[in-house]
Every structure is written in C-alpha cells, then in structure tokens.
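**Student:** Data file entry-v1.txt (compact mmCIF, C-alpha atoms) is appended below.
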# COMPACT_ATOMS: atom_id res chain seq x y z
CA MET U 1 0.34 -16.36 -3.50
CA PRO U 2 -0.80 -16.18 -7.14
CA GLN U 3 -0.52 -19.93 -7.59
CA GLY U 4 -1.95 -20.74 -4.14
CA VAL U 5 -4.22 -23.72 -3.76
CA PRO U 6 -7.29 -23.12 -1.61
CA ASP U 7 -7.89 -25.45 1.33
CA THR U 8 -11.46 -26.15 0.38
CA ILE U 9 -13.34 -26.22 -2.91
CA PRO U 10 -16.79 -24.75 -2.38
CA ASP U 11 -19.84 -26.51 -3.77
CA ASP U 12 -21.12 -23.40 -5.53
CA GLY U 13 -21.47 -24.69 -9.09
CA LEU U 14 -18.68 -22.37 -10.32
CA THR U 15 -15.55 -23.38 -12.19
CA THR U 16 -12.21 -22.40 -10.64
CA ARG U 17 -11.89 -19.77 -13.34
CA GLN U 18 -15.33 -18.33 -12.65
CA ARG U 19 -14.61 -18.31 -8.94
CA ARG U 20 -11.23 -16.68 -9.46
CA ASN U 21 -12.78 -13.91 -11.48
CA LEU U 22 -15.41 -12.98 -8.93
CA PRO U 23 -15.19 -9.31 -7.98
CA VAL U 24 -13.60 -8.61 -4.61
CA LEU U 25 -14.95 -6.42 -1.84
CA ALA U 26 -12.08 -5.67 0.55
CA VAL U 27 -12.07 -3.71 3.81
CA HIS U 28 -8.92 -2.39 5.49
CA THR U 29 -9.69 -1.41 9.05
CA GLY U 30 -8.09 -1.21 12.53
CA ASP U 31 -6.14 1.47 14.39
CA GLY U 32 -2.81 0.85 12.62
CA LYS U 33 -1.16 2.54 9.68
CA GLY U 34 -1.30 1.22 6.14
CA LYS U 35 -5.04 0.88 5.60
CA SER U 36 -5.22 3.45 2.83
CA THR U 37 -1.63 2.95 1.76
CA ALA U 38 -2.28 -0.73 1.06
CA ALA U 39 -5.42 0.20 -0.86
CA PHE U 40 -3.41 2.56 -3.06
CA GLY U 41 -0.79 -0.16 -3.50
CA MET U 42 -3.59 -2.41 -4.74
CA ALA U 43 -4.66 0.39 -7.07
CA MET U 44 -1.14 0.36 -8.56
CA ARG U 45 -1.54 -3.34 -9.29
CA ALA U 46 -4.99 -2.76 -10.75
CA TRP U 47 -3.60 0.04 -12.94
CA ASN U 48 -0.92 -2.35 -14.21
CA ALA U 49 -3.61 -4.92 -15.06
CA GLY U 50 -5.27 -2.28 -17.24
CA MET U 51 -8.20 -1.73 -14.90
CA ARG U 52 -10.07 1.56 -14.85
CA VAL U 53 -9.17 2.88 -11.39
CA ALA U 54 -11.21 5.42 -9.43
CA VAL U 55 -10.44 6.78 -5.98
CA PHE U 56 -13.05 8.52 -3.85
CA GLN U 57 -11.64 10.24 -0.77
CA PHE U 58 -14.18 10.69 2.00
CA VAL U 59 -11.99 13.01 4.04
CA LYS U 60 -12.50 16.57 5.10
CA SER U 61 -9.09 17.92 4.20
CA ALA U 62 -8.14 18.10 0.54
CA LYS U 63 -4.48 18.04 1.60
CA TRP U 64 -4.46 14.38 2.60
CA ARG U 65 -3.01 11.69 0.36
CA VAL U 66 -1.35 14.25 -1.92
CA GLY U 67 1.54 11.85 -2.52
CA GLU U 68 -0.67 8.96 -3.52
CA GLU U 69 -2.86 11.22 -5.62
CA SER U 70 0.13 12.62 -7.46
CA ALA U 71 1.65 9.18 -8.09
CA LEU U 72 -1.57 7.49 -9.16
CA THR U 73 -2.60 10.33 -11.44
CA ALA U 74 0.93 10.22 -12.91
CA LEU U 75 0.20 6.58 -13.76
CA GLY U 76 -3.07 7.73 -15.31
CA ASP U 77 -1.07 10.17 -17.42
CA VAL U 78 1.23 7.31 -18.50
CA HIS U 79 -1.89 5.45 -19.62
CA GLU U 80 -3.18 8.42 -21.62
CA GLN U 81 0.17 8.97 -23.30
CA THR U 82 1.28 5.39 -23.95
CA GLY U 83 -1.73 3.14 -23.43
CA ARG U 84 0.16 1.34 -20.69
CA GLY U 85 -1.91 0.37 -17.63
CA GLY U 86 -5.40 1.76 -17.12
CA PRO U 87 -7.02 5.18 -16.67
CA VAL U 88 -7.08 6.75 -13.20
CA GLU U 89 -9.66 9.10 -11.70
CA TRP U 90 -9.22 10.75 -8.31
CA HIS U 91 -12.16 12.45 -6.62
CA LYS U 92 -12.14 14.11 -3.23
CA MET U 93 -14.84 15.33 -0.94
CA GLY U 94 -12.46 17.74 0.80
CA GLN U 95 -12.61 20.33 -1.96
CA GLY U 96 -16.06 19.39 -3.19
CA TRP U 97 -16.60 16.41 -5.47
CA SER U 98 -15.44 17.28 -8.97
CA TRP U 99 -18.78 16.38 -10.57
CA LEU U 100 -20.44 18.89 -8.22
CA ARG U 101 -18.14 21.80 -9.06
CA ALA U 102 -21.06 23.89 -10.23
CA ASN U 103 -22.87 23.24 -6.97
CA ALA U 104 -20.64 24.04 -4.03
CA ASP U 105 -23.45 23.77 -1.48
CA HIS U 106 -22.29 20.31 -0.50
CA ASP U 107 -19.03 21.72 0.83
CA ALA U 108 -20.90 23.26 3.71
CA ASP U 109 -22.21 20.00 5.11
CA HIS U 110 -19.98 16.96 5.32
CA ALA U 111 -22.89 14.58 5.81
CA ASP U 112 -24.53 15.87 2.62
CA ALA U 113 -21.21 15.70 0.81
CA ALA U 114 -20.67 12.10 1.93
CA ARG U 115 -24.16 11.15 0.79
CA ALA U 116 -23.58 12.84 -2.58
CA GLY U 117 -20.32 10.90 -2.92
CA TRP U 118 -21.95 7.57 -2.23
CA ALA U 119 -24.87 8.35 -4.57
CA GLU U 120 -22.39 8.99 -7.38
CA ILE U 121 -20.47 5.80 -6.61
CA ALA U 122 -23.73 3.81 -6.65
CA ARG U 123 -24.53 5.28 -10.09
CA ARG U 124 -21.07 4.38 -11.37
CA LEU U 125 -21.34 0.84 -9.99
CA ALA U 126 -24.68 0.44 -11.77
CA ASP U 127 -23.07 1.67 -15.00
CA GLU U 128 -19.93 -0.45 -14.47
CA GLN U 129 -17.93 2.71 -15.03
CA HIS U 130 -14.73 1.51 -13.31
CA ASP U 131 -13.03 -1.80 -12.55
CA PHE U 132 -11.32 -0.86 -9.29
CA TYR U 133 -12.77 1.52 -6.72
CA VAL U 134 -11.01 2.83 -3.62
CA LEU U 135 -13.49 4.33 -1.13
CA ASP U 136 -10.94 5.92 1.16
CA GLU U 137 -12.05 6.61 4.75
CA PHE U 138 -15.58 5.65 3.77
CA THR U 139 -16.10 3.80 7.08
CA TYR U 140 -16.49 7.12 8.91
CA PRO U 141 -19.64 8.37 7.13
CA LEU U 142 -21.03 4.86 7.70
CA HIS U 143 -20.02 4.81 11.37
CA TRP U 144 -21.46 8.26 11.95
CA GLY U 145 -24.72 7.28 10.23
CA TRP U 146 -24.36 9.89 7.48
CA VAL U 147 -24.69 7.16 4.88
CA ASP U 148 -26.91 4.13 5.52
CA THR U 149 -24.76 1.01 5.93
CA ASP U 150 -27.50 -1.43 4.92
CA ALA U 151 -28.14 0.44 1.69
CA VAL U 152 -24.40 0.47 0.94
CA VAL U 153 -24.06 -3.25 1.63
CA SER U 154 -27.09 -4.06 -0.57
CA THR U 155 -25.73 -1.98 -3.43
CA LEU U 156 -22.25 -3.47 -3.12
CA CYS U 157 -23.54 -7.04 -2.96
CA ALA U 158 -25.73 -6.47 -6.01
CA ARG U 159 -23.14 -4.64 -8.09
CA PRO U 160 -23.04 -5.95 -11.67
CA GLY U 161 -20.06 -7.30 -13.60
CA ARG U 162 -16.59 -7.53 -12.19
CA GLN U 163 -15.97 -4.40 -10.18
CA HIS U 164 -13.51 -4.55 -7.29
CA VAL U 165 -14.11 -2.28 -4.30
CA VAL U 166 -11.70 -1.51 -1.45
CA ILE U 167 -13.02 0.42 1.55
CA THR U 168 -10.68 1.85 4.18
CA GLY U 169 -10.99 3.38 7.63
CA ARG U 170 -11.40 2.65 11.31
CA ARG U 171 -14.62 1.46 12.91
CA ALA U 172 -15.95 -0.42 9.89
CA PRO U 173 -19.56 -1.43 10.60
CA THR U 174 -20.07 -5.16 11.24
CA ALA U 175 -22.54 -5.51 8.37
CA LEU U 176 -19.86 -4.24 5.98
CA LEU U 177 -17.23 -6.62 7.38
CA ASP U 178 -19.69 -9.50 7.05
CA ALA U 179 -20.27 -8.65 3.40
CA ALA U 180 -16.56 -8.35 2.54
CA ASP U 181 -14.52 -11.06 0.83
CA LEU U 182 -11.31 -9.79 2.33
CA VAL U 183 -10.91 -8.00 5.64
CA THR U 184 -7.53 -6.96 6.97
CA GLU U 185 -7.10 -5.29 10.31
CA MET U 186 -4.04 -3.11 10.72
CA HIS U 187 -2.74 -3.03 14.30
CA LYS U 188 -0.41 -0.36 15.60
CA ILE U 189 2.47 -1.80 17.55
CA ALA U 190 4.96 1.08 17.51
CA HIS U 191 4.77 4.51 15.93
CA PRO U 192 7.14 7.49 15.78
CA MET U 193 4.32 9.71 17.08
CA ASP U 194 4.64 7.82 20.37
CA ALA U 195 8.21 9.09 20.64
CA GLY U 196 7.11 12.68 20.11
CA ARG U 197 7.89 12.80 16.40
CA LYS U 198 5.55 14.49 13.99
CA GLY U 199 4.75 13.17 10.53
CA GLN U 200 7.01 13.96 7.61
CA LYS U 201 6.46 14.46 3.91
CA GLY U 202 6.95 11.35 1.80
CA ILE U 203 6.47 9.12 4.81
CA GLU U 204 3.21 10.13 6.40
CA TRP U 205 1.57 11.91 3.50
CA MET O 1 -2.10 12.93 10.51
CA PRO O 2 0.42 15.34 8.97
CA GLN O 3 -0.40 18.10 11.44
CA GLY O 4 -0.78 15.74 14.40
CA VAL O 5 0.50 16.79 17.77
CA PRO O 6 2.48 14.14 19.64
CA ASP O 7 1.35 13.26 23.16
CA THR O 8 4.80 13.68 24.65
CA ILE O 9 7.81 15.79 23.77
CA PRO O 10 10.96 13.74 24.35
CA ASP O 11 13.91 15.25 26.18
CA ASP O 12 16.37 14.38 23.43
CA GLY O 13 17.87 17.79 22.71
CA LEU O 14 16.35 17.87 19.20
CA THR O 15 14.12 20.54 17.75
CA THR O 16 10.71 19.47 16.46
CA ARG O 17 12.00 19.93 12.95
CA GLN O 18 15.08 17.78 13.60
CA ARG O 19 12.93 15.13 15.21
CA ARG O 20 10.45 15.22 12.35
CA ASN O 21 13.19 14.68 9.86
CA LEU O 22 14.68 11.63 11.55
CA PRO O 23 14.84 8.69 9.20
CA VAL O 24 12.17 6.05 9.75
CA LEU O 25 12.67 2.31 10.10
CA ALA O 26 9.29 0.66 9.56
CA VAL O 27 8.33 -3.01 9.77
CA HIS O 28 5.09 -4.44 8.33
CA THR O 29 4.50 -7.90 9.73
CA GLY O 30 1.70 -10.31 10.69
CA ASP O 31 -0.28 -12.97 8.85
CA GLY O 32 -2.60 -10.61 6.98
CA LYS O 33 -2.48 -9.08 3.53
CA GLY O 34 -1.18 -5.62 2.80
CA LYS O 35 2.30 -5.77 4.33
CA SER O 36 4.14 -5.35 1.03
CA THR O 37 1.30 -3.50 -0.63
CA ALA O 38 1.40 -0.81 2.04
CA ALA O 39 5.19 -0.59 1.66
CA PHE O 40 4.80 0.00 -2.08
CA GLY O 41 2.11 2.54 -1.35
CA MET O 42 4.63 4.34 0.89
CA ALA O 43 7.13 4.11 -1.97
CA MET O 44 4.64 5.98 -4.18
CA ARG O 45 4.53 8.77 -1.62
CA ALA O 46 8.32 8.77 -1.36
CA TRP O 47 8.55 8.97 -5.16
CA ASN O 48 6.23 11.96 -5.12
CA ALA O 49 8.44 13.66 -2.52
CA GLY O 50 11.37 13.31 -4.93
CA MET O 51 13.09 10.59 -2.93
CA ARG O 52 15.40 8.07 -4.59
CA VAL O 53 13.43 4.84 -4.18
CA ALA O 54 14.94 1.35 -4.24
CA VAL O 55 13.10 -1.93 -3.81
CA PHE O 56 14.88 -5.16 -2.93
CA GLN O 57 12.71 -8.24 -3.23
CA PHE O 58 13.89 -11.14 -1.08
CA VAL O 59 11.57 -13.65 -2.69
CA LYS O 60 12.32 -16.77 -4.62
CA SER O 61 9.95 -16.25 -7.51
CA ALA O 62 10.69 -13.42 -9.90
CA LYS O 63 7.00 -13.42 -10.86
CA TRP O 64 5.81 -11.86 -7.61
CA ARG O 65 4.88 -8.20 -7.32
CA VAL O 66 4.90 -7.75 -11.10
CA GLY O 67 2.10 -5.22 -10.83
CA GLU O 68 3.90 -3.12 -8.24
CA GLU O 69 7.18 -3.38 -10.11
CA SER O 70 5.58 -2.28 -13.34
CA ALA O 71 3.78 0.64 -11.72
CA LEU O 72 6.73 1.88 -9.65
CA THR O 73 9.18 1.59 -12.54
CA ALA O 74 6.64 3.48 -14.68
CA LEU O 75 6.89 6.25 -12.08
CA GLY O 76 10.69 6.01 -12.37
CA ASP O 77 10.28 6.49 -16.13
CA VAL O 78 8.12 9.56 -15.49
CA HIS O 79 10.94 10.95 -13.38
CA GLU O 80 13.54 10.30 -16.08
CA GLN O 81 11.38 11.90 -18.75
CA THR O 82 9.94 14.86 -16.87
CA GLY O 83 11.90 15.27 -13.65
CA ARG O 84 8.70 14.73 -11.69
CA GLY O 85 9.10 12.63 -8.50
CA GLY O 86 12.26 10.64 -7.86
CA PRO O 87 14.20 7.82 -9.53
CA VAL O 88 13.13 4.22 -8.89
CA GLU O 89 15.26 1.07 -8.82
CA TRP O 90 13.84 -2.42 -8.50
CA HIS O 91 16.07 -5.37 -7.68
CA LYS O 92 14.97 -8.95 -7.19
CA MET O 93 16.66 -11.98 -5.80
CA GLY O 94 14.30 -14.30 -7.69
CA GLN O 95 16.09 -13.88 -10.98
CA GLY O 96 19.52 -13.12 -9.50
CA TRP O 97 20.33 -9.65 -8.21
CA SER O 98 20.94 -7.33 -11.16
CA TRP O 99 24.38 -6.27 -9.88
CA LEU O 100 25.41 -9.95 -9.86
CA ARG O 101 24.31 -10.70 -13.43
CA ALA O 102 27.83 -11.77 -14.38
CA ASN O 103 27.92 -14.13 -11.44
CA ALA O 104 24.86 -16.36 -11.49
CA ASP O 105 26.17 -18.73 -8.83
CA HIS O 106 24.05 -17.00 -6.21
CA ASP O 107 20.91 -18.21 -7.93
CA ALA O 108 21.68 -21.73 -6.82
CA ASP O 109 21.62 -21.01 -3.12
CA HIS O 110 18.94 -18.78 -1.66
CA ALA O 111 20.83 -18.24 1.58
CA ASP O 112 23.88 -17.00 -0.34
CA ALA O 113 21.66 -14.86 -2.53
CA ALA O 114 19.97 -13.33 0.53
CA ARG O 115 23.36 -12.58 2.12
CA ALA O 116 24.59 -11.02 -1.12
CA GLY O 117 21.43 -8.88 -1.22
CA TRP O 118 21.90 -7.63 2.32
CA ALA O 119 25.63 -6.96 1.76
CA GLU O 120 24.74 -4.74 -1.19
CA ILE O 121 22.05 -2.91 0.79
CA ALA O 122 24.55 -2.31 3.63
CA ARG O 123 26.98 -0.82 1.09
CA ARG O 124 24.28 1.43 -0.34
CA LEU O 125 23.21 2.56 3.14
CA ALA O 126 26.82 3.46 3.92
CA ASP O 127 26.99 5.44 0.66
CA GLU O 128 23.53 7.03 1.23
CA GLN O 129 22.66 5.87 -2.27
CA HIS O 130 18.88 6.01 -1.83
CA ASP O 131 16.36 7.85 0.32
CA PHE O 132 13.68 5.19 0.60
CA TYR O 133 14.39 1.45 0.74
CA VAL O 134 11.82 -1.33 0.61
CA LEU O 135 13.28 -4.65 1.79
CA ASP O 136 10.40 -6.84 0.70
CA GLU O 137 10.02 -10.21 2.49
CA PHE O 138 13.37 -9.59 4.18
CA THR O 139 12.07 -11.03 7.47
CA TYR O 140 12.35 -14.56 6.09
CA PRO O 141 16.14 -14.67 5.56
CA LEU O 142 16.39 -13.19 9.06
CA HIS O 143 13.97 -15.69 10.58
CA TRP O 144 15.72 -18.58 8.87
CA GLY O 145 19.12 -17.35 10.09
CA TRP O 146 20.48 -16.86 6.56
CA VAL O 147 21.28 -13.27 7.42
CA ASP O 148 22.34 -12.31 10.95
CA THR O 149 19.64 -10.21 12.61
CA ASP O 150 21.98 -8.48 15.08
CA ALA O 151 24.30 -7.37 12.28
CA VAL O 152 21.31 -6.05 10.31
CA VAL O 153 19.94 -4.16 13.32
CA SER O 154 23.36 -2.62 14.05
CA THR O 155 23.79 -1.52 10.46
CA LEU O 156 20.28 -0.09 10.28
CA CYS O 157 20.60 1.77 13.60
CA ALA O 158 23.94 3.25 12.50
CA ARG O 159 22.87 4.21 8.97
CA PRO O 160 24.00 7.73 8.09
CA GLY O 161 21.91 10.63 6.86
CA ARG O 162 18.20 10.44 6.30
CA GLN O 163 17.45 7.10 4.72
CA HIS O 164 14.04 5.54 5.30
CA VAL O 165 13.79 1.76 5.37
CA VAL O 166 10.65 -0.37 5.26
CA ILE O 167 10.95 -4.11 5.90
CA THR O 168 8.07 -6.50 5.21
CA GLY O 169 7.24 -10.13 5.95
CA ARG O 170 5.90 -12.49 8.57
CA ARG O 171 7.84 -13.62 11.63
CA ALA O 172 9.90 -10.45 12.05
CA PRO O 173 12.60 -11.11 14.67
CA THR O 174 12.01 -9.35 18.00
CA ALA O 175 15.33 -7.48 17.82
CA LEU O 176 14.20 -5.94 14.53
CA LEU O 177 10.81 -4.96 15.95
CA ASP O 178 12.53 -3.39 18.96
CA ALA O 179 14.74 -1.31 16.68
CA ALA O 180 11.89 -0.10 14.47
CA ASP O 181 10.24 3.32 14.79
CA LEU O 182 7.02 2.06 13.26
CA VAL O 183 5.67 -1.46 13.46
CA THR O 184 2.34 -2.40 11.94
CA GLU O 185 0.90 -5.87 12.22
CA MET O 186 -1.54 -6.91 9.51
CA HIS O 187 -4.14 -9.37 10.75
CA LYS O 188 -6.17 -11.54 8.44
CA ILE O 189 -9.83 -11.51 9.31
CA ALA O 190 -11.41 -12.79 6.09
CA HIS O 191 -9.89 -13.77 2.79
CA PRO O 192 -11.33 -15.09 -0.50
CA MET O 193 -8.87 -18.01 -0.33
CA ASP O 194 -10.91 -19.23 2.65
CA ALA O 195 -13.90 -19.53 0.34
CA GLY O 196 -11.92 -21.59 -2.15
CA ARG O 197 -11.08 -18.74 -4.49
CA LYS O 198 -7.66 -18.43 -6.03
CA GLY O 199 -5.82 -15.17 -6.51
CA GLN O 200 -6.47 -12.99 -9.54
CA LYS O 201 -4.37 -10.63 -11.59
CA GLY O 202 -4.58 -7.01 -10.54
CA ILE O 203 -5.86 -7.98 -7.11
CA GLU O 204 -3.43 -10.48 -5.67
CA TRP O 205 -0.40 -9.72 -7.79
Write the structure described by the file as structure tokens, please.
**Tutor:**
Amino acid sequence: MPQGVPDTIPDDGLTTRQRRNLPVLAVHTGDGKGKSTAAFGMAMRAWNAGMRVAVFQFVKSAKWRVGEESALTALGDVHEQTGRGGPVEWHKMGQGWSWLRANADHDADHADAARAGWAEIARRLADEQHDFYVLDEFTYPLHWGWVDTDAVVSTLCARPGRQHVVITGRRAPTALLDAADLVTEMHKIAHPMDAGRKGQKGIEW
Amino acid sequence: MPQGVPDTIPDDGLTTRQRRNLPVLAVHTGDGKGKSTAAFGMAMRAWNAGMRVAVFQFVKSAKWRVGEESALTALGDVHEQTGRGGPVEWHKMGQGWSWLRANADHDADHADAARAGWAEIARRLADEQHDFYVLDEFTYPLHWGWVDTDAVVSTLCARPGRQHVVITGRRAPTALLDAADLVTEMHKIAHPMDAGRKGQKGIEW
C-alpha cells in the first residue's frame, strides 16, 4: 500500500516525510514458513532501491539458504558490474564469520560465535555501514540467552541514521517484539511435511 | 529443514524421492505482511535451482512490486547473460497482460482481465511452460467470483509434470486452501502504519 493513508496522525512533531523515512525494525516470527523468505524478499526490494544490503545468518549449518544467498549475491554482482541496485554482503556463522577467518576458534562454540556476530553488527550499526540488515534466525541466540536481549534492543533503538533491520526466527523475545515497528507472525496451516514429504531444492532451500 | 524427517510415511505407493519431487501448491494468506514478499523470496530460490520462473500479478496498479520485479528480472538477465539460474518472466494485469498488448480492451474491465490472466496460466500449465509460478494477489479475483474457484482448483490439481505454484492474497477461498500442500497465514501484530507512518521505498514496495 505505497500510497496508503494512515488512520491516525501521531502528535510527534515530525512531518509526514520525516515520519515516512524513519528506519524500520521488523521481526518475522511464528511457527510457519516464510519468515526468512519474506526477509530476503524485502532485501530484494532494498537492493532495487540502491540500499547497501547485509545478511547475517545465525544458523549452525552453512548449507541453509543457499538459494537466497546465491540469488542475492548475484544481485550484488549486478550492482558491481552495472551500478544497478545496491551492494550485497552475506555473512554466515555456520562456516565461521568471514571477518573472523583468521580466528576459527569461534566455530567451536556457537554461543561465542553468536556473540561475535552481534558485536560486529553493533559496530556496523554504529558506523552506519549498511542500509538494510537481515539478522536471520537471530531470535534463537536471544531466546537461548547467548546474546543479551536488553543490550540488543538498546543498541537497535539507538542506532543512528536510517538503517533498516529485519530479524527472523521463532520464539522472539517479548522485549524485541515491543521494540519493533513491524511484527509479522507466520502461522503454519498445512505443510507437505505433514503428508510425509521431505523438502526439495528450490522450494525449501 | 532440508534434511527433515517427516513424522509419518504415507501409504501412497511412492518412493521418498518421488514424494519429495511432487509439485507444490502453496498459498500465502492472512492480513499480515510478507505474503507476496515470501513468494518472491521463494522465486529467488527457484531461480537459483534453474527453474523457469513466471510471475503473474493480479493487481490493478502496475506500480506495485516494482522492487521485486526489478530484482527478479535482473536475475533473469543474469541467466540470459551467464546461464546462471533460470529464466524469469513477469506479467502484470495492471498495465494489460503483455500477451494481450494488441488487444487493450481487457484493461477496461478488471474481471475480464483477471479471467484472461487465468486462461493464459491454465494454457501454460497444460504446456508445462514454467517450473515455478507466482500468482500474486490471485485470491481476490477468486474471492470476488471473477474467476471460478472450482475450475481453478481442478486445473491446479490436474496440472501435469512438476510445476510449483504459489498463490498469494487475503481471503483465500476454502476450496483453494483445501487443495494446497502448503498454507501459511501471515498475521499482523504491529505495523508502522498503525503509528501513522506511510510506506517507504525499498521497504514497502
């Protein structure tokens, strides 16, 4: 609804334009499919708008999301070659964060690796290094207490400039949901796995 | 969950591999965001798997989804230039279906245009012209009775080969949901529009 008219106009001293350009913190949660997929779809849009896109995958297996990674980095290549869209970075915990290549110790401990990932994201937010961040499956390190939710919420709420952040995963902590501008819950109603079908390439991953 | 193990093994005479490779009919519905975005995210994965992707937008305005269209057609260009991924077609009702360019009469009547769109999709399904179809906002012509739901369900259930179809939109008819292998309902929990903020480029469209 690009031309949608809000129901209420808040008394916040901002112009419509200022309000429109506020950075968005979105959370996709729930037990259904599409949480990450919708985040990557948003990243496509952000790419098209020329935003600097960065994905941080907080998952154990480096094999996940190979399709999205390949497609989004292909769009990053298009940007490098033609200037169209924006640059794309893709970082994954599953094979050790790229900026920690020289220090593989973090691979051994997922909690340490998750903390190292968040610390890097916090640095990048402070530097306004990207315009659109996907923190894929980041709710799990929060849920498990590996990364402190209150610290994350404080950092996100205080982030400078106009940096959009989308966080995906089940069991999003309440404090994170409360801080988000946009929360969507994906509910599973029917799924091929229920009928004894396994996932397939191009559909599930 | 690419390596997930189903809870039950159906007694359908199929091998696991045959069952895995069954074509998927997915519906993304509900009042929340992410229905179409997740479908386009799936299309990225399908592209990466080399599938022939086709999007049919059943929306009035040709301005919608410009970010997704631009990004997915950029991936189609990558395929044409390098062979990477699969080909991508993008058709929209909002500016008259491309295959009807010579006959702009359909623009005048959205119900006729929707019927013409579905008739073309049915032809392409019969010809196995694509591997991955997104029928974006197709639930509305069904809900409004412009296109007959029972005929659509019959055609989809009888489609030959291995063609995946994803249908998005609110108010999906029950017969469609019953026929689908995968139904996800997106629920809105919080949205910037509630706080009087309008949509912004790269985030909302």
**Student:** Identify which of the residues O:Ile121, O:Val59, O:Asn48, O:Trp97 lies closest to Gly83 in chain O, counting all atoms listed in the file when measuring atom-to-atom distances.
**Tutor:**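 Among the listed residues, O:Asn48 lies closest to Gly83 in chain O.
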**Student:** CA of Val153 in chain O and CA of Val27 in chain O, how far apart in Å?
**Tutor:**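 Straight-line distance from CA of Val27 in chain O to CA of Val153 in chain O works out to 12.2 Å.
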**Student:** Please determine, counting only C-alpha atoms, which residue among O:Lys35, O:Lys92, O:Arg162, O:His110 has the shortest atom-to-atom distance to chain U.
**Tutor:**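 Among the listed residues, O:Lys35 lies closest to chain U.
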**Student:** Of the candidates O:Val53, O:Gln95, O:Val134, O:Gly86, which one gets nearest to Ile167 in chain O if we count only C-alpha atoms?
**Tutor:**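 Closest to Ile167 in chain O, using only C-alpha atoms: O:Val134.
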**Student:** Rounded to one decimal place, report the CA of Val183 in chain O-CA of Val152 in chain O distance in Å.
**Tutor:**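 Atom-to-atom, CA of Val183 in chain O and CA of Val152 in chain O are spaced 16.6 Å apart.
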**Student:** Excluding same-chain residues fewer than 5 positions from Glu185 in chain U, what lies within 7 Å of it counting all atoms listed in the file, as a list of chain:residue names?
**Tutor:**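 What passes the distance filter is U:His28, U:Thr29, U:Gly30, O:Met186, O:His187, O:Lys188, O:Ile189.
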**Student:** Provide the CA of Gly161 in chain U to CA of Pro23 in chain U distance in Å, to one decimal place.
**Tutor:**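 CA of Pro23 in chain U lies at a distance of 7.7 Å from CA of Gly161 in chain U.
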**Student:** What's the 12 Å shell around Tyr140 in chain U, counting all atoms listed in the file, without same-chain residues fewer than 3 positions away, as a PyMOL selection string?
**Tutor:** chain U and resi 29+57-60+110-111+114-115+135-137+143-149+167-173
**Student:** Which is closest to chain U among O:His91, O:Lys201, O:His79, O:Arg123, if we use all atoms listed in the file?
**Tutor:**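 Selected residue with least distance to chain U: O:Lys201.
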**Student:** For Leu25 in chain O, please output as a list in words all residues within 6 Å (counting only C-alpha atoms; exclusion window: fewer than 4 positions along the same chain).
**Tutor:**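 Non-adjacent residues within range: His164, Val165, Val166, Ala180 and Asp181 of chain O.
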**Student:** So that I can see what lies close to Val88 in chain U, please list as a PyMOL selection string the residues with an atom at most 8 Å from it, counting all atoms listed in the file and leaving out residues fewer than 6 positions away in the same chain.
**Tutor:** chain U and resi 47+52-55+72-73+75-76
**Student:** I'd like to know which of O:Ala175, O:Cys157, O:Ala122, O:Ala38 is closest to chain U, using only C-alpha atoms.
**Tutor:**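 Checking each of O:Ala175, O:Cys157, O:Ala122, O:Ala38 against chain U, counting only C-alpha atoms, the winner is O:Ala38.
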